[in-house]
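The block underneath contains the structure these notes are about, expressed in C-alpha cells.
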2 protein chains.
Amino acid sequence: MEVYGYFRSSAAYRLRIALNLKGLTAEQRFIHLRRKEQRSPGYLAVNPMGLVPALVEDGRALTQSLAIIDYLDETHPTPALLPRDPFGRAWVRSVALAIACDIHPVNNLRILNHLRDGLGLDEPARNAWYAHWVAEGFRGLEAMLTASPQPGTFCFGDEPTLADVCLVPQVFNAERMNCPLDAYPTIRRIVAAARALPAFQAAEPGRQPDAE
Amino acid sequence: MEVYGYFRSSAAYRLRIALNLKGLTAEQRFIHLRRKEQRSPGYLAVNPMGLVPALVEDGRALTQSLAIIDYLDETHPTPALLPRDPFGRAWVRSVALAIACDIHPVNNLRILNHLRDGLGLDEPARNAWYAHWVAEGFRGLEAMLTASPQPGTFCFGDEPTLADVCLVPQVFNAERMNCPLDAYPTIRRIVAAARALPAFQAAEPGRQPDAE
C-alpha cells in the first residue's frame, strides 16, 4: 500500500490519522504542493484531479481522503471509524462532510493561490477570506457537535470516528492561520481529547518526513 | 420523512435524484436561499450549517447530501447506489467527493455572493471565477471517468450510482453558467444517458414546485 501526501495538506493529514488509528503502515510518497508536483504527468496518472492524498494498492489508485478512509474502514474494520447504526453513521459522515465540503475546500492552498495570482488579493485580504469561512463554518460545526446524538469524549461517543479524523486537521489549519477559536468550546474540548492520542500526534504535519 | 431543499441547489438536486431512483417520497419543505431563509432560527435548528438539503425522520435531522444518500442507501438498499465490492464503492465515492468537495463548494451561491458583496467582484469576474474552477475540476473528472474501473453506460457500469447522482447536477450548473463542455465527451455521454431516466428528469430544478 502506497500513500501520496504532503505534510501540510489537511486531507492527507486525515488519512494519516486514520491509518494510525487502524495500526496500518503504508509506503509514503511525498508530493510537494508548493512546488506543484501534483501537476506532474506522473502524479496526474495516479490522481487526475491533481490533489492529495491518493492510495495505491495492488496497482489500483483511490483518491479523495473520505473515500480512502471508507475503503480502509471496510477492508480493515477494527477499530471502526463509523458507528454501527445507520443514523449514527450518517451523522458522523455529516460532520466529516461539513468540514470536507463546506469549510476546507474554500480555504485550501489552491484557492488561496488563486486569490493571490488570479484576483491579485494581498495577504491581509486573503487572511480575511480565510477567517470569514472558518468563522462561518465553525459556528455551524460547534452547534452540530454540541447537539451530538451521542455526546462523549469525541464527536460521537467515547471513541474517535471519521468526524474527529476530519476535525483535528481543520482546527490545526485554523490555528496556523491565527483564527480565534474561543467561541467554539465543544470543538476545542474534542480536539484536545483527540490530540492526547498517539495516533493523532504521530500524524501532525510537523512530524512528517517532508515537513519544512 | 421531510426533506428541506431549494430547486436550484445542486446538493438538494442530488438528494431528489436519489429519492426518485429509490422510489421514495418525502414531504418537501422549501428553503429559499436567495431570500436567506437558510439563516432563519427555525431552519438553523434543523441544520446549524445553514445549508440545504436536510432530512428529518422520526424527529431526527440529518444534513449533507452525501451523508443523507448514504443513509437512504443503507435503510432502503434497493436499488443500490454504491457497488458491492469495497474498491468499487470507494471509487464511486471518490467521483462523488471530487464533485462535492473540489468542484461544487468553490462555486456555490454563498461563495458567489461573497465574491460580489465581500470582495466587490463584478459579474464578468465572478463568471470567470466560476469557469476557472469548472475547467479545473472537469478536466480531472473527465480523466477519472474515462479510466473508470467498470466502464459502461454510467460512471461505474450500467446502473446509476452515487457518482451519477452528483455528476448530473454539476453539469446542469455548468451549463447554466455557459461553461463550454466540448472537452469532456465522457462526462457528456454519461449525463445524456442519465438524463434519459425519469428519476433524473423529475429531479430537474425547473420541475420543482419552488422553481422560479
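Residues in the C-alpha cells are named by chain (A, B, ... in the order shown) and by number from 1 within that chain; ligands are numbered from 1 in the order shown.
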
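Taking the backbone of this structure through DSSP, the residues of region 24-120 of chain B that come out as strand (DSSP E) are Glu27, Gln28, Arg29, Phe30, Ala54, Leu55, Val56, Glu57, Arg60, Ala61, Leu62 and Thr63 of chain B.
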
Distance query Gly23 (chain A) at most 10 Å, only C-alpha atoms, self and fewer than 2 positions along chain excluded, as a ChimeraX atom specification: /A:17-21,25,76,78-79,199

Hey, list the chain A side of the contact with chain B: 8 Å cut-off, only C-alpha atoms, answer as a ChimeraX atom specification. /A:47-50,62-64,66-68,70-71,74-75,86-87,89-91,93-94,97-98,100-102,105-106,137,139-141,143-144

Mind dumping the selected residues with N, CA, C and O atoms as a compact mmCIF listing (two decimals), in the first residue's frame?
# COMPACT_ATOMS: atom_id res chain seq x y z
N ASN A 47 -3.65 10.47 -9.69
CA ASN A 47 -4.85 11.23 -9.35
C ASN A 47 -5.06 12.35 -10.35
O ASN A 47 -4.43 13.41 -10.26
N PRO A 48 -5.96 12.13 -11.32
CA PRO A 48 -6.19 13.13 -12.37
C PRO A 48 -6.67 14.47 -11.84
O PRO A 48 -6.56 15.48 -12.52
N MET A 49 -7.22 14.49 -10.59
CA MET A 49 -7.67 15.76 -10.02
C MET A 49 -6.47 16.60 -9.57
O MET A 49 -6.64 17.80 -9.27
N GLY A 50 -5.28 16.01 -9.48
CA GLY A 50 -4.11 16.78 -9.09
C GLY A 50 -4.15 17.23 -7.64
O GLY A 50 -3.72 18.35 -7.33
N LEU A 62 -6.81 4.93 -5.54
CA LEU A 62 -8.02 5.55 -4.99
C LEU A 62 -7.68 6.96 -4.56
O LEU A 62 -6.58 7.21 -4.05
N THR A 63 -8.62 7.88 -4.74
CA THR A 63 -8.41 9.26 -4.35
C THR A 63 -9.53 9.72 -3.42
O THR A 63 -10.48 8.99 -3.20
N GLN A 64 -9.41 10.93 -2.94
CA GLN A 64 -10.37 11.55 -2.01
C GLN A 64 -10.21 10.94 -0.61
O GLN A 64 -10.58 9.78 -0.39
N LEU A 66 -11.88 11.00 2.12
CA LEU A 66 -13.01 10.34 2.78
C LEU A 66 -13.34 9.00 2.11
O LEU A 66 -13.74 8.04 2.78
N ALA A 67 -13.16 8.92 0.81
CA ALA A 67 -13.39 7.64 0.11
C ALA A 67 -12.32 6.63 0.50
O ALA A 67 -12.62 5.44 0.70
N ILE A 68 -11.09 7.08 0.62
CA ILE A 68 -9.99 6.18 1.01
C ILE A 68 -10.21 5.67 2.43
O ILE A 68 -10.05 4.48 2.72
N ASP A 70 -13.05 5.44 4.03
CA ASP A 70 -14.17 4.49 3.97
C ASP A 70 -13.69 3.12 3.52
O ASP A 70 -14.08 2.08 4.08
N TYR A 71 -12.85 3.12 2.52
CA TYR A 71 -12.29 1.86 1.99
C TYR A 71 -11.49 1.14 3.07
O TYR A 71 -11.65 -0.08 3.28
N GLU A 74 -13.71 -0.42 5.61
CA GLU A 74 -14.37 -1.65 5.16
C GLU A 74 -13.39 -2.82 5.07
O GLU A 74 -13.75 -3.95 5.37
N THR A 75 -12.15 -2.52 4.66
CA THR A 75 -11.20 -3.62 4.47
C THR A 75 -10.41 -3.93 5.75
O THR A 75 -9.83 -5.01 5.85
N PRO A 86 -27.23 2.93 11.22
CA PRO A 86 -27.25 3.83 10.06
C PRO A 86 -27.37 5.31 10.40
O PRO A 86 -26.70 6.14 9.78
N PHE A 87 -28.20 5.64 11.40
CA PHE A 87 -28.33 7.07 11.72
C PHE A 87 -27.01 7.63 12.26
O PHE A 87 -26.55 8.70 11.86
N ARG A 89 -24.02 6.46 11.79
CA ARG A 89 -23.05 6.51 10.69
C ARG A 89 -23.24 7.77 9.86
O ARG A 89 -22.28 8.47 9.53
N ALA A 90 -24.52 8.03 9.53
CA ALA A 90 -24.79 9.20 8.69
C ALA A 90 -24.46 10.49 9.41
O ALA A 90 -23.96 11.45 8.81
N TRP A 91 -24.73 10.53 10.71
CA TRP A 91 -24.42 11.75 11.45
C TRP A 91 -22.91 12.01 11.47
O TRP A 91 -22.44 13.13 11.24
N ARG A 93 -20.76 10.92 9.30
CA ARG A 93 -20.41 11.35 7.94
C ARG A 93 -20.76 12.81 7.71
O ARG A 93 -20.05 13.54 7.02
N SER A 94 -21.90 13.25 8.27
CA SER A 94 -22.33 14.64 8.02
C SER A 94 -21.35 15.63 8.65
O SER A 94 -21.11 16.71 8.09
N LEU A 97 -18.31 15.60 6.38
CA LEU A 97 -18.59 16.30 5.11
C LEU A 97 -18.75 17.80 5.32
O LEU A 97 -18.40 18.59 4.44
N ALA A 98 -19.29 18.21 6.47
CA ALA A 98 -19.39 19.65 6.74
C ALA A 98 -17.99 20.27 6.69
O ALA A 98 -17.80 21.38 6.18
N ALA A 100 -15.23 18.68 5.16
CA ALA A 100 -14.58 18.37 3.88
C ALA A 100 -15.22 19.08 2.70
O ALA A 100 -14.55 19.32 1.69
N CYS A 101 -16.51 19.40 2.79
CA CYS A 101 -17.18 20.08 1.67
C CYS A 101 -17.37 21.57 1.93
O CYS A 101 -17.34 22.36 0.99
N ASP A 102 -17.65 21.96 3.16
CA ASP A 102 -18.10 23.33 3.40
C ASP A 102 -17.09 24.24 4.07
O ASP A 102 -17.27 25.44 4.09
N PRO A 105 -12.61 23.16 1.50
CA PRO A 105 -12.32 23.43 0.08
C PRO A 105 -12.21 24.91 -0.28
O PRO A 105 -11.50 25.25 -1.21
N VAL A 106 -12.92 25.75 0.46
CA VAL A 106 -12.86 27.17 0.10
C VAL A 106 -11.61 27.84 0.67
O VAL A 106 -11.35 29.00 0.38
N GLY A 137 -18.06 28.46 9.07
CA GLY A 137 -18.17 27.01 9.21
C GLY A 137 -18.12 26.53 10.64
O GLY A 137 -18.87 25.64 11.04
N ARG A 139 -18.99 28.08 13.37
CA ARG A 139 -20.23 28.39 14.09
C ARG A 139 -21.22 27.23 13.94
O ARG A 139 -21.78 26.73 14.91
N GLY A 140 -21.40 26.77 12.70
CA GLY A 140 -22.32 25.66 12.47
C GLY A 140 -21.82 24.36 13.05
O GLY A 140 -22.59 23.57 13.62
N LEU A 141 -20.53 24.12 12.91
CA LEU A 141 -19.93 22.89 13.40
C LEU A 141 -20.06 22.79 14.93
O LEU A 141 -20.37 21.73 15.47
N ALA A 143 -22.35 24.09 16.76
CA ALA A 143 -23.75 23.77 17.08
C ALA A 143 -24.04 22.30 16.80
O ALA A 143 -24.74 21.63 17.58
N MET A 144 -23.52 21.78 15.70
CA MET A 144 -23.72 20.35 15.39
C MET A 144 -23.14 19.48 16.50
O MET A 144 -23.78 18.53 16.98

Where does DSSP see alpha helix (DSSP H) in chain B, if you list the residues as a ChimeraX atom specification? /B:10-21,41-46,65-75,86-97,109-117,123-146,162-176,185-195,198-201

Which neighbours of region 170-180 of chain A fall inside 8 Å, counting only C-alpha atoms, when residues of the same chain fewer than 5 positions from it are skipped, and could you give them as a count of residues only? 8

Leaving out region 157-162 of chain A and any residue of its chain fewer than 3 positions from it, which residues lie within 7 Å of it when counting only C-alpha atoms, given as a PyMOL selection string? chain A and resi 81-82+92+96+150-154+165-166

Long-range neighbours of Arg34 (chain A) as a PyMOL selection string, 12 Å cut-off, only C-alpha atoms, 4 positions minimum in chain: chain A and resi 6-9+30+38-39+51+108-110+112-113+212

Excluding same-chain residues fewer than 3 positions from Gly5 (chain B), what lies within 6 Å of it counting only C-alpha atoms, as a ChimeraX atom specification? /B:12,30-31,52-53

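Coordinates place CA of Met1 (chain B) at a distance of 20.5 Å from CA of Glu37 (chain B).
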